[in-house]
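Notes follow once the structure below has been shown.
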Amino acid sequence: MPDSILSQILFYISAAFVLFLPGYFLLGVVFKKNNALEPLEKFIVSFGLSIVSVDFIFFLYSRLNIPITQTSAIVGIGVFVLICFILAGVSRRGLRQAAEPSESLSGDSDKERRSSGTLIRMSGIRSAGSRRDSGVNNLFHFSKNQFILILLLLFLTVFIKTAYLSGTIAPTATDMGHHMYWAKWLAQNHQLPTYEGMPDFIIGEHIIFGVISLISGADFFSAFPAIVLYLINILSILTVFILVLRIFKNKTVAILSLFFLGALYAVSSPQAKFVSGGVIGNVMGNYFMPLAFYFYYRALEFLNVGVQFIEPEKPKGLDKSNPYGKSLCDSRKFLSLAIFTTFGLFYTHHLTSFIFLFVLLFFVPFFILINFKNIKEILNRARPVVFSPAVIGTFVLGLVFFFFIFTPTYVNPEAVDTAVGTAVKSTRTGLTLENIKLTVGEPRFVLGLIGLLFLVLTYLYPREFDKDRKNLGYALIVSWLVTLFIMSMKPNWLFVDIPSARIGNYLSYPLAILSAYALYCTFNSNSKLFGEKISSRVPQALFSGALLLFVIFSFAPGLDDSAGAFKTQNAGEETVQTFSASKYLAEKSSVSNMLLKDHNYITADSWIKLFFMREYKYPLSRGYFKRYEDPLNPREMCTLWMIGSPASADSQKCFSETGVNFVMVNPRYDSAQFQKLDEFDEVYVNDEINIFYRK
Amino acid sequence: MTTGVQQRNIIIFVIVLFLASSIWLFSVAEKYTDPDYQKSWWAVYFADPKGGSLDFVIENHSDKTDFHYVILSGNQKLKEDSVKIEKGSQIELGSTQADSGKITIQVSSEEEKKEIYKNL
């Protein structure tokens with residue numbers, strides 16, 4: 001069997017082992033045979049729970065000084081899976097035994113009893129957790145047309161992303177290079193990196209890559225890092241699908257969200273472009289944030305005023321045969337998973353965590369405000385869920401890990417100072433509406449705002465619109481969007497000092513959801529307009545024509561954006577020459593040698609450090625020219641001078657101070673100045689790279 | 001189709017799509033990072049960049065196979081020869097002695113010419 005096929009098979013097995021099995025078996029322990037989650041939901045959330053579980057396993061390894069090797073990684077994850085499997089089996093047996101007496105009395109079959117899912121009802125719709133819902137009312141039962149549409153949208157999403165990634169999958173992206181250095185460091189040094197004190201990197205971004213490489217032997221210079229990110233990107237879209245399905249209880253809105261988030265703008269940031277660019281934190285954050293929202297929503301869904309909460313005469317603890325006990329128990333489990341996922345997010349990406357906290361800070365008072373009349377009842381309902389051993393235990397355990405077992409590098413006053421405060425730089429003082437429109441795409445921008453308007457109107461005119469105006473999920477979506485709007489447009493209101501464009505990228509998720517909602521509300525023939533159904537007020541032809549126009553309005557720019565982003569494949573000639581030169585120098589130089597390379601004109605230069613693996617800041621790099629001119633962030637000038645004018649007095653001083661004796665430059669731009677000097681030998685040359693040695 | 005079957009089919013569809021897509025991407029990346037696949041470049045470098053040795057390597061990843069090299073000390077020609085190097089191969093050349101001055105190695109193939117040098 002060719003090596004490449006074998007290595008791919010090993011990669012897929014390792015990916016399933018690291019990214020799927022731990023979460024899947026964890027769900028088995030948490031929910032046992034309970035049908036609170038549909039199979040599709042189990043599949044989607046298992047990956048997120050796996051990533052977090054694997055993170056925690058290796059935090060423990062780090063604390064216990066257990067080296068992270070191929071064997072120990074397999075054993076650690078394997079033991080976790082095995083423990084979950086055994087616990088789930090024991091619990092199931094316990095449940096069966098406990099149920100036997102009542103079963104014999106009531107005559108219920110085991111199958112029927114298992115089918116009783118969460119007994120929360122909302123506006124006549126039974127919770128989708130129930131197997132009795134397997135009829136037409138089930139949220140996860142799609143009509144033939146809906147089913148085909150889902151498959152088509154998934155195909156279109158994957159097809160567009162694959163087509164784009166075909167031209168960008170190679171290991172050239174700057175961010176990916178930086179991140180893979182740390183993942184490779186983990187795999188080579190058999191421990192978690194401490195990032196040389198740099199707060200820009202977070203451990204959760206690197207563990208899965210390092211561990212997959214350790215287990216499968218996957219090469220960091222292959223497509224595997226981008227493919228893992230690509231998988232996470234697809235899962236983020238699917239997570240939004242199940243989140244929307246749960247919140248809106250409407251399959252059409254969920255399918256439309258798949259359209260607006262998956263098929264449209266499938267390439268633009270933060271989608272496939274972030275995948276190939278190796279923007280790991282954002283891609284993972286965009287999976288974890290909706291996933292956390294999903295769990296929080298499932299946990300607290302019963303706080304909705306419309307839900308008939310089945311009060312027990314006397315609460316019987318967690319007696320599963322008691323409907324109160326069952327729903328309470330499920331809510332506690334979901335809340336525990338939500339907290340678990342939140343910690344996973346905090347361990348993965350600081351910016352997404354920051355945004356997540358702001359969304360929650362907006363959401364809580366907003367939900368209380370719109371439900372102020374029922375606040376006492378809501379608090380009464382929430383209390384037994386929040387103050388339960390499972391929830392508090394998960395929270396405390398998370399805190400213990402966070403502060404005592406493994407603390408992320410960004411948890412320090414300096415890092416907080418860089419993100420919080422009054423923004424001064426023009427890139428941090430907020431985006432304009434035009435900027436946001438360009439970032440998220442015009443159709444999503446317009447329709448998303450219409451969707452927001454619809455939700456706001458439900459608060460103002462509840463009779464005309466949806467009666468679930470105080471819905472927790474709606475409040476969550478509104479909070480998600482409004483918070484991001486404020487953070488990206490008016491960051492100074494919240495003392496946010498982060499590049500606004502980076503926050504603006506997050507808008508595409510809530511805007512896609514609200515675009516779906518807007519399109520549904522506008523063209524659902526059962527929607528009411530001034531007390532009457534739209535279908536009875538507007539002629540059918542006009543109605544259909546308008547819908548067609550809207551779809552074209554959405555489709556055309558969305559697909560055009562993807563088409564415009566396609567890169568022409570240059571077959572990697574520049575990249576392989578950079579790699580070849582790097583490999584040469586890594587073999588021929590020693591640790592006492594210092595290399596300076598150029599970032600402006602060398603392709604894939606951030607990957608050079610992976611050949612040396614000496615330290616993160618090795619080799620030294622001449623950055624983008626504009627960075628040396630930033631008055632707000634003055635930086636060292638040596639790297640600029642040593643390449644630009646190596647003969648100058650300043651450069652000579654820099655060479656002495658830094659110990660630079662190898663310089664790697666592009667021959668078309670930066671060779672002449674070295675060739676004039678006797679102190680430099682030209683020791684390597686190809687079409688893209690010249691290496692000079694300073695004696 | 002029951003709910004369970006529908007969901008199972010969606011899951012299988014996602015897995016198959018992902019597998020097909022990622023297998024394709026693996027193959028694309030493999031070709032991309034293959035120094036010889038649809039590429040045409042060659043390199044010249046000293047076998048020891050730091051020391052005084054003048055041994056050098058011609059590494060060929062182009063369709064050209066005929067290489068000509070000249071070793072110069074200042075403007076004086078020390079050695080000249082031609083070698084044949086297949087695509088994907090490299091050859092180390094040496095045994096030239098020089099004590100001081102600028103030693104330049106010029107390598108050419110068809111129209112293309114590259115040079116490396118050491119100041120001894």
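By order of appearance in the structure tokens: chains A, B, ..., then residues from 1 within every chain, and ligands from 1 in the order shown.
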Using only C-alpha atoms, I'd like every residue of chain B that has an atom within 8 Å of chain A; please write them out as a PyMOL selection string. chain B and resi 2-4+6-8+10-11+13-14+17-18+21-23+25-26+28-35+37-46+48-50+114-119
Just asking: which residues within chain B are alpha helix (DSSP H) according to DSSP, as an MDAnalysis selection string? chainID B and resid 3:33
Hey, which of B:Ile105, B:Ile91, B:Ile58, B:Ala47 ends up closest to Ser73 (chain B)? Count only C-alpha atoms. B:Ile105
Nearby residues (only C-alpha atoms) at most 9 Å from region 549-566 of chain A, same-chain spacing under 2 positions excluded, as a short mmCIF file (atom, residue, chain, number, x, y, z; two decimals) with C-alpha atoms, in the first residue's frame:
data_model
loop_
_atom_site.label_atom_id
_atom_site.label_comp_id
_atom_site.auth_asym_id
_atom_site.auth_seq_id
_atom_site.Cartn_x
_atom_site.Cartn_y
_atom_site.Cartn_z
CA ILE A 160 -17.56 25.38 -2.98
CA LYS A 161 -15.25 25.11 0.01
CA ALA A 163 -12.98 24.00 -4.82
CA TYR A 164 -11.54 27.00 -3.03
CA LEU A 165 -9.32 24.93 -0.75
CA GLY A 167 -5.99 26.17 -4.57
CA THR A 168 -5.05 27.10 -1.03
CA PHE A 260 -27.17 31.60 4.28
CA ALA A 263 -23.76 27.71 0.70
CA LEU A 264 -23.58 31.50 0.47
CA TYR A 265 -20.28 33.16 1.19
CA ALA A 266 -18.81 29.70 1.72
CA VAL A 267 -15.36 31.07 1.03
CA SER A 268 -15.20 34.54 2.56
CA LYS A 273 -10.57 31.61 3.87
CA GLY A 441 -22.23 40.29 2.29
CA GLU A 442 -25.06 42.55 1.22
CA PRO A 443 -27.90 39.99 1.22
CA ARG A 444 -27.08 38.76 4.69
CA LEU A 447 -31.98 40.37 5.36
CA LEU A 519 -36.85 35.28 4.45
CA SER A 544 -43.76 34.08 -6.06
CA GLY A 545 -41.98 36.69 -8.18
CA ALA A 546 -40.81 38.56 -5.13
CA LEU A 547 -39.55 35.34 -3.57
CA THR A 568 -5.02 30.39 -9.40
#
Nearby residues (only C-alpha atoms) at most 6 Å from region 81-85 of chain B, same-chain spacing under 2 positions excluded, as a list in words: Thr65, Asp66, Phe67, His68 and Tyr69 of chain B
Just the strand (DSSP E) stuff from region 19-92 of chain B, please, per backbone DSSP, written as number ranges by chain. B: 42-46, 56-60, 66-73, 76-84, 89-92
Would you mind exporting the chosen residues as a PDB file, in the first residue's frame, restricted to C-alpha atoms?
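Saved to result22.pdb:
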ATOM      1  CA  TRP B  42      17.005  24.016  -9.755  1.00  0.00           C
ATOM      2  CA  ALA B  43      19.333  25.129  -7.018  1.00  0.00           C
ATOM      3  CA  VAL B  44      23.054  25.489  -6.403  1.00  0.00           C
ATOM      4  CA  TYR B  45      24.576  25.558  -2.948  1.00  0.00           C
ATOM      5  CA  PHE B  46      27.748  24.941  -1.038  1.00  0.00           C
ATOM      6  CA  PHE B  56      28.966  22.412  -4.048  1.00  0.00           C
ATOM      7  CA  VAL B  57      25.726  20.721  -4.998  1.00  0.00           C
ATOM      8  CA  ILE B  58      23.502  21.124  -8.030  1.00  0.00           C
ATOM      9  CA  GLU B  59      19.961  19.994  -7.246  1.00  0.00           C
ATOM     10  CA  ASN B  60      17.707  19.593 -10.243  1.00  0.00           C
ATOM     11  CA  ASP B  66      22.535  19.330 -18.951  1.00  0.00           C
ATOM     12  CA  PHE B  67      24.378  21.631 -16.590  1.00  0.00           C
ATOM     13  CA  HIS B  68      27.619  23.450 -17.167  1.00  0.00           C
ATOM     14  CA  TYR B  69      29.682  24.909 -14.352  1.00  0.00           C
ATOM     15  CA  VAL B  70      32.682  27.205 -14.111  1.00  0.00           C
ATOM     16  CA  ILE B  71      34.761  27.835 -10.978  1.00  0.00           C
ATOM     17  CA  LEU B  72      36.409  31.250 -10.915  1.00  0.00           C
ATOM     18  CA  SER B  73      38.938  32.803  -8.604  1.00  0.00           C
ATOM     19  CA  GLN B  76      40.545  33.544 -13.404  1.00  0.00           C
ATOM     20  CA  LYS B  77      38.925  30.291 -14.449  1.00  0.00           C
ATOM     21  CA  LEU B  78      39.969  27.435 -12.141  1.00  0.00           C
ATOM     22  CA  LYS B  79      37.796  24.694 -13.497  1.00  0.00           C
ATOM     23  CA  GLU B  80      35.044  24.131 -16.017  1.00  0.00           C
ATOM     24  CA  ASP B  81      32.945  21.066 -16.737  1.00  0.00           C
ATOM     25  CA  SER B  82      29.524  19.777 -17.714  1.00  0.00           C
ATOM     26  CA  VAL B  83      27.341  17.316 -15.859  1.00  0.00           C
ATOM     27  CA  LYS B  84      24.095  15.506 -16.540  1.00  0.00           C
ATOM     28  CA  SER B  89      18.402  14.219  -8.530  1.00  0.00           C
ATOM     29  CA  GLN B  90      21.368  16.120  -7.206  1.00  0.00           C
ATOM     30  CA  ILE B  91      25.065  15.862  -7.601  1.00  0.00           C
ATOM     31  CA  GLU B  92      27.895  17.046  -5.348  1.00  0.00           C
TER      32      GLU B  92
END
